[in-house]
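protein_36.pdb (PDB, C-alpha atoms) appears below.
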```pdb
ATOM      1  CA  MET A   1     168.063  50.905  40.474  1.00  0.00           C
ATOM      2  CA  THR A   2     167.019  54.107  42.193  1.00  0.00           C
ATOM      3  CA  VAL A   3     163.731  54.947  43.855  1.00  0.00           C
ATOM      4  CA  SER A   4     162.233  58.401  43.527  1.00  0.00           C
ATOM      5  CA  LEU A   5     159.054  59.971  44.850  1.00  0.00           C
ATOM      6  CA  ARG A   6     156.548  61.976  42.881  1.00  0.00           C
ATOM      7  CA  PRO A   7     152.842  62.787  42.926  1.00  0.00           C
ATOM      8  CA  TYR A   8     150.586  60.033  41.603  1.00  0.00           C
ATOM      9  CA  ASP A   9     149.573  60.499  37.977  1.00  0.00           C
ATOM     10  CA  PRO A  10     146.251  58.753  37.231  1.00  0.00           C
ATOM     11  CA  ALA A  11     147.083  58.588  33.528  1.00  0.00           C
ATOM     12  CA  THR A  12     150.262  56.576  34.017  1.00  0.00           C
ATOM     13  CA  ASP A  13     150.338  55.129  37.547  1.00  0.00           C
ATOM     14  CA  ALA A  14     146.901  53.535  38.064  1.00  0.00           C
ATOM     15  CA  GLU A  15     148.038  49.974  37.311  1.00  0.00           C
ATOM     16  CA  GLY A  16     151.120  50.149  39.511  1.00  0.00           C
ATOM     17  CA  LEU A  17     149.305  51.928  42.335  1.00  0.00           C
ATOM     18  CA  TYR A  18     146.524  49.358  42.337  1.00  0.00           C
ATOM     19  CA  ASP A  19     149.054  46.499  42.336  1.00  0.00           C
ATOM     20  CA  CYS A  20     150.481  48.026  45.517  1.00  0.00           C
ATOM     21  CA  LYS A  21     146.972  48.511  46.932  1.00  0.00           C
ATOM     22  CA  LEU A  22     146.231  44.817  46.365  1.00  0.00           C
ATOM     23  CA  ALA A  23     149.419  43.837  48.179  1.00  0.00           C
ATOM     24  CA  PHE A  24     148.576  46.270  50.997  1.00  0.00           C
ATOM     25  CA  GLU A  25     145.068  44.838  51.450  1.00  0.00           C
ATOM     26  CA  ARG A  26     146.148  41.208  51.168  1.00  0.00           C
ATOM     27  CA  GLY A  27     148.952  41.824  53.644  1.00  0.00           C
ATOM     28  CA  LEU A  28     146.496  43.269  56.162  1.00  0.00           C
ATOM     29  CA  GLY A  29     144.187  40.318  55.771  1.00  0.00           C
ATOM     30  CA  GLU A  30     146.863  37.633  55.910  1.00  0.00           C
ATOM     31  CA  THR A  31     149.021  38.939  58.725  1.00  0.00           C
ATOM     32  CA  THR A  32     146.792  40.748  61.183  1.00  0.00           C
ATOM     33  CA  GLY A  33     143.527  38.963  61.770  1.00  0.00           C
ATOM     34  CA  GLY A  34     143.329  35.301  60.919  1.00  0.00           C
ATOM     35  CA  ASP A  35     141.429  33.465  58.217  1.00  0.00           C
ATOM     36  CA  ASP A  36     138.150  35.390  58.584  1.00  0.00           C
ATOM     37  CA  LYS A  37     139.835  38.768  58.133  1.00  0.00           C
ATOM     38  CA  ALA A  38     141.924  37.446  55.229  1.00  0.00           C
ATOM     39  CA  ALA A  39     138.772  36.155  53.511  1.00  0.00           C
ATOM     40  CA  ALA A  40     136.926  39.438  54.094  1.00  0.00           C
ATOM     41  CA  TYR A  41     139.786  41.501  52.648  1.00  0.00           C
ATOM     42  CA  GLU A  42     140.239  39.180  49.671  1.00  0.00           C
ATOM     43  CA  GLY A  43     136.491  39.132  49.022  1.00  0.00           C
ATOM     44  CA  LYS A  44     136.263  42.889  48.554  1.00  0.00           C
ATOM     45  CA  LEU A  45     139.016  43.044  45.928  1.00  0.00           C
ATOM     46  CA  THR A  46     136.713  42.862  42.917  1.00  0.00           C
ATOM     47  CA  ASP A  47     136.919  44.713  39.614  1.00  0.00           C
ATOM     48  CA  GLY A  48     134.162  46.990  40.906  1.00  0.00           C
ATOM     49  CA  TYR A  49     136.190  47.801  44.021  1.00  0.00           C
ATOM     50  CA  ARG A  50     139.213  48.572  41.851  1.00  0.00           C
ATOM     51  CA  GLU A  51     137.232  51.064  39.776  1.00  0.00           C
ATOM     52  CA  ARG A  52     135.656  52.723  42.833  1.00  0.00           C
ATOM     53  CA  TRP A  53     138.974  52.974  44.694  1.00  0.00           C
ATOM     54  CA  LEU A  54     140.872  54.406  41.732  1.00  0.00           C
ATOM     55  CA  ALA A  55     138.063  56.935  41.107  1.00  0.00           C
ATOM     56  CA  TRP A  56     138.199  57.962  44.773  1.00  0.00           C
ATOM     57  CA  VAL A  57     141.988  58.356  44.578  1.00  0.00           C
ATOM     58  CA  GLU A  58     141.553  60.510  41.499  1.00  0.00           C
ATOM     59  CA  ARG A  59     139.035  62.739  43.310  1.00  0.00           C
ATOM     60  CA  CYS A  60     141.435  63.119  46.234  1.00  0.00           C
ATOM     61  CA  VAL A  61     144.420  64.041  44.062  1.00  0.00           C
ATOM     62  CA  ALA A  62     142.211  66.536  42.224  1.00  0.00           C
ATOM     63  CA  ASP A  63     142.077  68.403  45.573  1.00  0.00           C
ATOM     64  CA  ASP A  64     145.842  68.215  46.092  1.00  0.00           C
ATOM     65  CA  GLU A  65     148.174  66.182  43.882  1.00  0.00           C
ATOM     66  CA  ARG A  66     150.301  65.392  46.935  1.00  0.00           C
ATOM     67  CA  CYS A  67     147.493  63.351  48.534  1.00  0.00           C
ATOM     68  CA  VAL A  68     148.987  60.296  46.870  1.00  0.00           C
ATOM     69  CA  THR A  69     152.741  60.149  46.482  1.00  0.00           C
ATOM     70  CA  VAL A  70     154.239  57.157  44.692  1.00  0.00           C
ATOM     71  CA  ALA A  71     157.680  55.662  45.068  1.00  0.00           C
ATOM     72  CA  VAL A  72     158.944  54.623  41.647  1.00  0.00           C
ATOM     73  CA  ALA A  73     161.903  52.311  41.102  1.00  0.00           C
ATOM     74  CA  GLY A  74     163.769  53.411  38.029  1.00  0.00           C
ATOM     75  CA  ARG A  75     167.056  53.175  36.247  1.00  0.00           C
ATOM     76  CA  GLU A  76     170.271  54.520  37.693  1.00  0.00           C
ATOM     77  CA  ASP A  77     170.651  57.020  34.840  1.00  0.00           C
ATOM     78  CA  GLY A  78     167.130  58.342  35.387  1.00  0.00           C
ATOM     79  CA  THR A  79     166.114  58.006  31.740  1.00  0.00           C
ATOM     80  CA  ALA A  80     162.539  56.972  31.190  1.00  0.00           C
ATOM     81  CA  GLY A  81     159.604  57.479  28.905  1.00  0.00           C
ATOM     82  CA  ARG A  82     155.886  56.762  29.315  1.00  0.00           C
ATOM     83  CA  GLU A  83     153.934  53.940  27.755  1.00  0.00           C
ATOM     84  CA  ARG A  84     150.431  52.570  28.039  1.00  0.00           C
ATOM     85  CA  GLY A  85     149.415  48.984  28.571  1.00  0.00           C
ATOM     86  CA  ASP A  86     147.962  46.929  25.712  1.00  0.00           C
ATOM     87  CA  ASP A  87     144.524  47.084  27.336  1.00  0.00           C
ATOM     88  CA  GLY A  88     144.580  50.893  27.538  1.00  0.00           C
ATOM     89  CA  THR A  89     145.254  50.938  31.266  1.00  0.00           C
ATOM     90  CA  ALA A  90     148.005  53.061  32.680  1.00  0.00           C
ATOM     91  CA  GLY A  91     151.405  51.666  31.885  1.00  0.00           C
ATOM     92  CA  ARG A  92     154.754  52.012  33.521  1.00  0.00           C
ATOM     93  CA  GLU A  93     157.621  54.262  32.702  1.00  0.00           C
ATOM     94  CA  ARG A  94     160.180  52.613  30.426  1.00  0.00           C
ATOM     95  CA  GLY A  95     163.833  53.368  30.193  1.00  0.00           C
ATOM     96  CA  ASP A  96     165.675  53.670  26.898  1.00  0.00           C
ATOM     97  CA  ASP A  97     166.689  50.012  27.135  1.00  0.00           C
ATOM     98  CA  GLY A  98     163.048  48.895  27.461  1.00  0.00           C
ATOM     99  CA  THR A  99     163.172  47.996  31.157  1.00  0.00           C
ATOM    100  CA  ALA A 100     160.068  49.098  33.033  1.00  0.00           C
ATOM    101  CA  ASP A 101     160.091  51.410  36.003  1.00  0.00           C
ATOM    102  CA  GLU A 102     157.505  50.398  38.581  1.00  0.00           C
ATOM    103  CA  VAL A 103     155.516  51.795  41.455  1.00  0.00           C
ATOM    104  CA  VAL A 104     157.023  50.112  44.526  1.00  0.00           C
ATOM    105  CA  GLY A 105     155.189  52.023  47.226  1.00  0.00           C
ATOM    106  CA  TYR A 106     152.839  54.856  48.009  1.00  0.00           C
ATOM    107  CA  VAL A 107     151.477  57.033  50.750  1.00  0.00           C
ATOM    108  CA  PHE A 108     147.897  58.272  50.704  1.00  0.00           C
ATOM    109  CA  VAL A 109     146.921  61.233  52.900  1.00  0.00           C
ATOM    110  CA  LEU A 110     143.305  62.346  52.732  1.00  0.00           C
ATOM    111  CA  PRO A 111     142.734  65.826  51.314  1.00  0.00           C
ATOM    112  CA  GLU A 112     142.233  68.740  53.685  1.00  0.00           C
ATOM    113  CA  ARG A 113     138.475  68.898  52.994  1.00  0.00           C
ATOM    114  CA  LEU A 114     138.154  65.523  54.774  1.00  0.00           C
ATOM    115  CA  ALA A 115     140.148  66.586  57.861  1.00  0.00           C
ATOM    116  CA  MET A 116     136.990  66.944  59.921  1.00  0.00           C
ATOM    117  CA  ILE A 117     136.657  63.141  59.948  1.00  0.00           C
ATOM    118  CA  TRP A 118     139.208  62.983  62.786  1.00  0.00           C
ATOM    119  CA  ASP A 119     139.783  66.756  63.269  1.00  0.00           C
ATOM    120  CA  ALA A 120     143.281  66.062  61.976  1.00  0.00           C
ATOM    121  CA  ALA A 121     145.172  65.061  58.863  1.00  0.00           C
ATOM    122  CA  VAL A 122     144.565  61.392  58.047  1.00  0.00           C
ATOM    123  CA  LEU A 123     147.271  59.076  56.763  1.00  0.00           C
ATOM    124  CA  ASN A 124     145.012  56.618  54.994  1.00  0.00           C
ATOM    125  CA  GLU A 125     147.596  54.139  53.702  1.00  0.00           C
ATOM    126  CA  LEU A 126     151.336  53.688  53.453  1.00  0.00           C
ATOM    127  CA  TYR A 127     152.779  50.705  51.606  1.00  0.00           C
ATOM    128  CA  VAL A 128     156.225  49.676  50.383  1.00  0.00           C
ATOM    129  CA  ALA A 129     156.867  46.467  48.424  1.00  0.00           C
ATOM    130  CA  PRO A 130     158.831  43.897  50.447  1.00  0.00           C
ATOM    131  CA  ALA A 131     161.928  44.154  48.223  1.00  0.00           C
ATOM    132  CA  HIS A 132     162.200  47.870  49.062  1.00  0.00           C
ATOM    133  CA  ARG A 133     161.570  47.702  52.814  1.00  0.00           C
ATOM    134  CA  GLY A 134     164.471  48.759  54.980  1.00  0.00           C
ATOM    135  CA  THR A 135     165.894  50.982  52.220  1.00  0.00           C
ATOM    136  CA  GLY A 136     164.551  54.328  53.443  1.00  0.00           C
ATOM    137  CA  VAL A 137     161.675  54.451  50.955  1.00  0.00           C
ATOM    138  CA  ALA A 138     159.062  54.260  53.724  1.00  0.00           C
ATOM    139  CA  ASP A 139     160.852  57.047  55.621  1.00  0.00           C
ATOM    140  CA  ASP A 140     160.768  59.226  52.505  1.00  0.00           C
ATOM    141  CA  LEU A 141     157.058  58.508  51.998  1.00  0.00           C
ATOM    142  CA  MET A 142     156.382  59.382  55.647  1.00  0.00           C
ATOM    143  CA  THR A 143     158.243  62.671  55.211  1.00  0.00           C
ATOM    144  CA  ALA A 144     156.011  63.455  52.220  1.00  0.00           C
ATOM    145  CA  ALA A 145     152.915  62.665  54.323  1.00  0.00           C
ATOM    146  CA  VAL A 146     154.038  64.833  57.239  1.00  0.00           C
ATOM    147  CA  ASP A 147     154.936  67.704  54.891  1.00  0.00           C
ATOM    148  CA  LEU A 148     151.479  67.582  53.280  1.00  0.00           C
ATOM    149  CA  ALA A 149     149.737  67.372  56.659  1.00  0.00           C
ATOM    150  CA  ALA A 150     151.723  70.364  57.917  1.00  0.00           C
ATOM    151  CA  ASP A 151     150.380  72.413  54.992  1.00  0.00           C
ATOM    152  CA  GLN A 152     146.747  71.569  55.762  1.00  0.00           C
ATOM    153  CA  SER A 153     144.549  73.866  57.861  1.00  0.00           C
ATOM    154  CA  LEU A 154     143.442  71.469  60.603  1.00  0.00           C
ATOM    155  CA  PRO A 155     141.327  71.671  63.777  1.00  0.00           C
ATOM    156  CA  LEU A 156     144.115  69.753  65.557  1.00  0.00           C
ATOM    157  CA  ASP A 157     147.729  69.865  64.398  1.00  0.00           C
ATOM    158  CA  ARG A 158     148.016  66.091  64.236  1.00  0.00           C
ATOM    159  CA  LEU A 159     148.496  63.373  61.662  1.00  0.00           C
ATOM    160  CA  VAL A 160     146.488  60.283  62.601  1.00  0.00           C
ATOM    161  CA  LEU A 161     146.322  56.753  61.244  1.00  0.00           C
ATOM    162  CA  ASP A 162     144.908  53.361  62.052  1.00  0.00           C
ATOM    163  CA  VAL A 163     147.373  50.544  62.659  1.00  0.00           C
ATOM    164  CA  ASP A 164     146.573  46.984  63.648  1.00  0.00           C
ATOM    165  CA  PRO A 165     148.115  46.175  67.055  1.00  0.00           C
ATOM    166  CA  ALA A 166     149.270  42.836  65.637  1.00  0.00           C
ATOM    167  CA  ASN A 167     151.316  44.552  62.913  1.00  0.00           C
ATOM    168  CA  GLU A 168     154.516  44.970  64.928  1.00  0.00           C
ATOM    169  CA  ARG A 169     156.647  46.069  61.978  1.00  0.00           C
ATOM    170  CA  ALA A 170     154.262  48.920  61.179  1.00  0.00           C
ATOM    171  CA  ARG A 171     153.871  49.867  64.856  1.00  0.00           C
ATOM    172  CA  ASP A 172     157.657  50.049  65.248  1.00  0.00           C
ATOM    173  CA  PHE A 173     157.909  52.200  62.123  1.00  0.00           C
ATOM    174  CA  TYR A 174     155.235  54.623  63.341  1.00  0.00           C
ATOM    175  CA  ASP A 175     156.774  54.732  66.827  1.00  0.00           C
ATOM    176  CA  ARG A 176     160.111  55.650  65.247  1.00  0.00           C
ATOM    177  CA  HIS A 177     158.372  58.515  63.436  1.00  0.00           C
ATOM    178  CA  GLY A 178     156.897  59.941  66.639  1.00  0.00           C
ATOM    179  CA  PHE A 179     153.389  58.491  66.533  1.00  0.00           C
ATOM    180  CA  GLU A 180     151.837  57.502  69.837  1.00  0.00           C
ATOM    181  CA  PRO A 181     148.564  55.882  70.859  1.00  0.00           C
ATOM    182  CA  TRP A 182     145.632  58.292  70.639  1.00  0.00           C
ATOM    183  CA  GLY A 183     142.432  56.426  71.208  1.00  0.00           C
ATOM    184  CA  GLU A 184     141.480  53.090  69.747  1.00  0.00           C
ATOM    185  CA  MET A 185     139.445  52.246  66.691  1.00  0.00           C
ATOM    186  CA  VAL A 186     136.795  49.568  67.041  1.00  0.00           C
ATOM    187  CA  ALA A 187     134.515  48.155  64.334  1.00  0.00           C
ATOM    188  CA  ARG A 188     131.392  46.108  63.865  1.00  0.00           C
ATOM    189  CA  SER A 189     129.839  44.384  60.913  1.00  0.00           C
ATOM    190  CA  LEU A 190     126.921  45.989  59.084  1.00  0.00           C
ATOM    191  CA  ASP A 191     125.681  42.579  57.935  1.00  0.00           C
ATOM    192  CA  GLY A 192     123.358  42.231  60.915  1.00  0.00           C
TER     193      GLY A 192
END
```

Written as structure tokens, how would this file's structure read?
Amino acid sequence: MTVSLRPYDPATDAEGLYDCKLAFERGLGETTGGDDKAAAYEGKLTDGYRERWLAWVERCVADDERCVTVAVAGREDGTAGRERGDDGTAGRERGDDGTADEVVGYVFVLPERLAMIWDAAVLNELYVAPAHRGTGVADDLMTAAVDLAADQSLPLDRLVLDVDPANERARDFYDRHGFEPWGEMVARSLDG
């Protein structure tokens, strides 16, 4: 099975991308903040959140299709066709033998028009399914993110991201790719 990268296609990749998004969010909640954070992350993952998030992704890729790049695991011979799910949602690519290709990772860089948020390019999310970690897929996704950021007209020539200090695997990955501490994000609840 090979893994290839390509721009996200809302018509065919929504289901697979959102499966990865769920794993990304649940992983953050479970591994980096205890039971309260896990419950908060799980609690937001409603059908309404899914629709809002996928609509936001679609608006971002309308600005630049490279804002979301997916890693797709496919067949060695590269043959595939498109299909849709029974419920009308985006399906997965299928090879000639009927085996499904699947989205196994993604990187999401905010479009240039949102660069003023941090005065830099923003790497919003990067996720690779556990079975594909350590295979170079994350490195390839990071290269896609850096290439997109380099093409953006930015106040500061930087690519920034938020990483939980407790997520040592992610911190090591970002360190290896030349990221260094640049401030610290803090948060507070809006519930009172």

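Of the residues under consideration (A:Ala40, A:Ala129, A:Cys20, A:Met1), A:Met1 shows the shortest atom-to-atom contact distance to Ala73 of chain A when counting all atoms listed in the file.
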
Which residue gives the smallest distance to Val186 of chain A among A:Arg113, A:Asp162, A:Arg171, A:Pro130, with all atoms listed in the file counted?
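Nearest to Val186 of chain A: A:Asp162.
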
Residues near Val3 of chain A, cut-off 8 Å, all atoms listed in the file, skip fewer than 4 positions along chain, as a list of chain:residue names:
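The contact residues come out as A:Ala71, A:Val72, A:Ala73, A:Gly74, A:Val137.
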
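Using all atoms listed in the file, the smallest distance between any of A:Ile117, A:Ala11, A:Val104, A:Leu156 and Ala131 of chain A comes from A:Val104.
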
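Of the listed residues A:Val61, A:Ala170, A:Leu126, A:Val146, the one whose atoms come nearest to Arg158 of chain A is A:Val146, with distances taken using only C-alpha atoms.
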
Expected selection from the PyMOL selection byres ((chain A and resi 50-58) around 10), given as a PyMOL selection string:
chain A and resi 8-11+14-15+17-18+21-22+44-49+59-65+67-68+108+110

Step by step, work through what the PyMOL selection byres ((chain A and resi 180-182) around 12) selects in the shown file, and finish by giving those residues as a PyMOL selection string.
chain A and resi 118+120+158-165+171-179+183-185

Calculate how many Å separate atom CA of Ser153 of chain A from atom CA of Glu112 of chain A, rounding to one decimal.
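Atom CA of Ser153 of chain A sits 7.0 Å away from atom CA of Glu112 of chain A.
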
One residue among A:Asp19, A:Pro7, A:Val107, A:Asp119 is nearest to Asp139 of chain A when using only C-alpha atoms, and that residue is A:Val107

For a test of reading the model, state the distance in Å between atom CA of Glu25 of chain A and atom CA of Tyr127 of chain A, rounded to one decimal.
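A separation of 9.7 Å between them.
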
Between A:Thr135, A:Met116, A:Leu141, A:Asn124, which has the minimum distance to Asp157 of chain A (counting all atoms listed in the file)?
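That would be A:Met116, the residue with the smallest distance to Asp157 of chain A.
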
By how many Å are atom CA of Leu190 of chain A and atom CA of Ala166 of chain A apart?
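Computing it gives 23.5 Å between the two atoms.
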
Applying 10 Å and only C-alpha atoms, which residues near Leu28 of chain A remain after dropping the ones on its own chain fewer than 2 positions away? List them as a PyMOL selection string.
chain A and resi 22-26+30-34+37-38+41-42+163-164+166-167

Pull C-alpha atoms from the residues just selected and write them as an mmCIF file, in the coordinates of the input.
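The result, written out as result.cif:
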```
data_model
loop_
_atom_site.group_PDB
_atom_site.id
_atom_site.type_symbol
_atom_site.label_atom_id
_atom_site.label_comp_id
_atom_site.auth_asym_id
_atom_site.auth_seq_id
_atom_site.Cartn_x
_atom_site.Cartn_y
_atom_site.Cartn_z
ATOM 1 C CA LEU A 22 146.231 44.817 46.365
ATOM 2 C CA ALA A 23 149.419 43.837 48.179
ATOM 3 C CA PHE A 24 148.576 46.270 50.997
ATOM 4 C CA GLU A 25 145.068 44.838 51.450
ATOM 5 C CA ARG A 26 146.148 41.208 51.168
ATOM 6 C CA GLU A 30 146.863 37.633 55.910
ATOM 7 C CA THR A 31 149.021 38.939 58.725
ATOM 8 C CA THR A 32 146.792 40.748 61.183
ATOM 9 C CA GLY A 33 143.527 38.963 61.770
ATOM 10 C CA GLY A 34 143.329 35.301 60.919
ATOM 11 C CA LYS A 37 139.835 38.768 58.133
ATOM 12 C CA ALA A 38 141.924 37.446 55.229
ATOM 13 C CA TYR A 41 139.786 41.501 52.648
ATOM 14 C CA GLU A 42 140.239 39.180 49.671
ATOM 15 C CA VAL A 163 147.373 50.544 62.659
ATOM 16 C CA ASP A 164 146.573 46.984 63.648
ATOM 17 C CA ALA A 166 149.270 42.836 65.637
ATOM 18 C CA ASN A 167 151.316 44.552 62.913
#
```

Could you model N, CA and C atoms for segment 123-148 of chain A and present them as an mmCIF file, in the coordinates of the input?
```cif
data_model
loop_
_atom_site.group_PDB
_atom_site.id
_atom_site.type_symbol
_atom_site.label_atom_id
_atom_site.label_comp_id
_atom_site.auth_asym_id
_atom_site.auth_seq_id
_atom_site.Cartn_x
_atom_site.Cartn_y
_atom_site.Cartn_z
ATOM 1 N N LEU A 123 146.420 59.925 57.597
ATOM 2 C CA LEU A 123 147.271 59.076 56.763
ATOM 3 C C LEU A 123 146.459 57.809 56.524
ATOM 4 N N ASN A 124 145.911 57.712 55.327
ATOM 5 C CA ASN A 124 145.012 56.618 54.994
ATOM 6 C C ASN A 124 145.764 55.306 54.771
ATOM 7 N N GLU A 125 146.844 55.354 54.011
ATOM 8 C CA GLU A 125 147.596 54.139 53.702
ATOM 9 C C GLU A 125 149.045 54.496 53.413
ATOM 10 N N LEU A 126 149.929 53.613 53.829
ATOM 11 C CA LEU A 126 151.336 53.688 53.453
ATOM 12 C C LEU A 126 151.785 52.261 53.178
ATOM 13 N N TYR A 127 152.353 52.046 52.007
ATOM 14 C CA TYR A 127 152.779 50.705 51.606
ATOM 15 C C TYR A 127 154.089 50.796 50.840
ATOM 16 N N VAL A 128 154.989 49.847 51.139
ATOM 17 C CA VAL A 128 156.225 49.676 50.383
ATOM 18 C C VAL A 128 156.375 48.187 50.078
ATOM 19 N N ALA A 129 156.677 47.870 48.830
ATOM 20 C CA ALA A 129 156.867 46.467 48.424
ATOM 21 C C ALA A 129 157.985 45.836 49.255
ATOM 22 N N PRO A 130 157.846 44.557 49.588
ATOM 23 C CA PRO A 130 158.831 43.897 50.447
ATOM 24 C C PRO A 130 160.283 44.067 49.997
ATOM 25 N N ALA A 131 160.545 44.039 48.706
ATOM 26 C CA ALA A 131 161.928 44.154 48.223
ATOM 27 C C ALA A 131 162.538 45.519 48.506
ATOM 28 N N HIS A 132 161.704 46.509 48.827
ATOM 29 C CA HIS A 132 162.200 47.870 49.062
ATOM 30 C C HIS A 132 162.075 48.302 50.520
ATOM 31 N N ARG A 133 161.650 47.386 51.386
ATOM 32 C CA ARG A 133 161.570 47.702 52.814
ATOM 33 C C ARG A 133 162.977 47.735 53.396
ATOM 34 N N GLY A 134 163.165 48.623 54.350
ATOM 35 C CA GLY A 134 164.471 48.759 54.980
ATOM 36 C C GLY A 134 165.466 49.567 54.165
ATOM 37 N N THR A 135 164.999 50.205 53.100
ATOM 38 C CA THR A 135 165.894 50.982 52.220
ATOM 39 C C THR A 135 165.745 52.488 52.405
ATOM 40 N N GLY A 136 164.810 52.906 53.255
ATOM 41 C CA GLY A 136 164.551 54.328 53.443
ATOM 42 C C GLY A 136 163.370 54.843 52.639
ATOM 43 N N VAL A 137 162.811 54.019 51.765
ATOM 44 C CA VAL A 137 161.675 54.451 50.955
ATOM 45 C C VAL A 137 160.481 54.804 51.848
ATOM 46 N N ALA A 138 160.187 53.981 52.829
ATOM 47 C CA ALA A 138 159.062 54.260 53.724
ATOM 48 C C ALA A 138 159.299 55.555 54.498
ATOM 49 N N ASP A 139 160.532 55.792 54.923
ATOM 50 C CA ASP A 139 160.852 57.047 55.621
ATOM 51 C C ASP A 139 160.591 58.245 54.717
ATOM 52 N N ASP A 140 160.991 58.135 53.455
ATOM 53 C CA ASP A 140 160.768 59.226 52.505
ATOM 54 C C ASP A 140 159.275 59.453 52.273
ATOM 55 N N LEU A 141 158.505 58.379 52.168
ATOM 56 C CA LEU A 141 157.058 58.508 51.998
ATOM 57 C C LEU A 141 156.432 59.155 53.237
ATOM 58 N N MET A 142 156.909 58.777 54.423
ATOM 59 C CA MET A 142 156.382 59.382 55.647
ATOM 60 C C MET A 142 156.697 60.875 55.685
ATOM 61 N N THR A 143 157.890 61.247 55.266
ATOM 62 C CA THR A 143 158.243 62.671 55.211
ATOM 63 C C THR A 143 157.285 63.427 54.290
ATOM 64 N N ALA A 144 156.964 62.825 53.142
ATOM 65 C CA ALA A 144 156.011 63.455 52.220
ATOM 66 C C ALA A 144 154.651 63.614 52.887
ATOM 67 N N ALA A 145 154.210 62.606 53.639
ATOM 68 C CA ALA A 145 152.915 62.665 54.323
ATOM 69 C C ALA A 145 152.908 63.762 55.387
ATOM 70 N N VAL A 146 153.959 63.829 56.177
ATOM 71 C CA VAL A 146 154.038 64.833 57.239
ATOM 72 C C VAL A 146 154.098 66.237 56.629
ATOM 73 N N ASP A 147 154.852 66.394 55.555
ATOM 74 C CA ASP A 147 154.936 67.704 54.891
ATOM 75 C C ASP A 147 153.565 68.152 54.380
ATOM 76 N N LEU A 148 152.816 67.239 53.763
ATOM 77 C CA LEU A 148 151.479 67.582 53.280
ATOM 78 C C LEU A 148 150.571 67.935 54.453
#
```
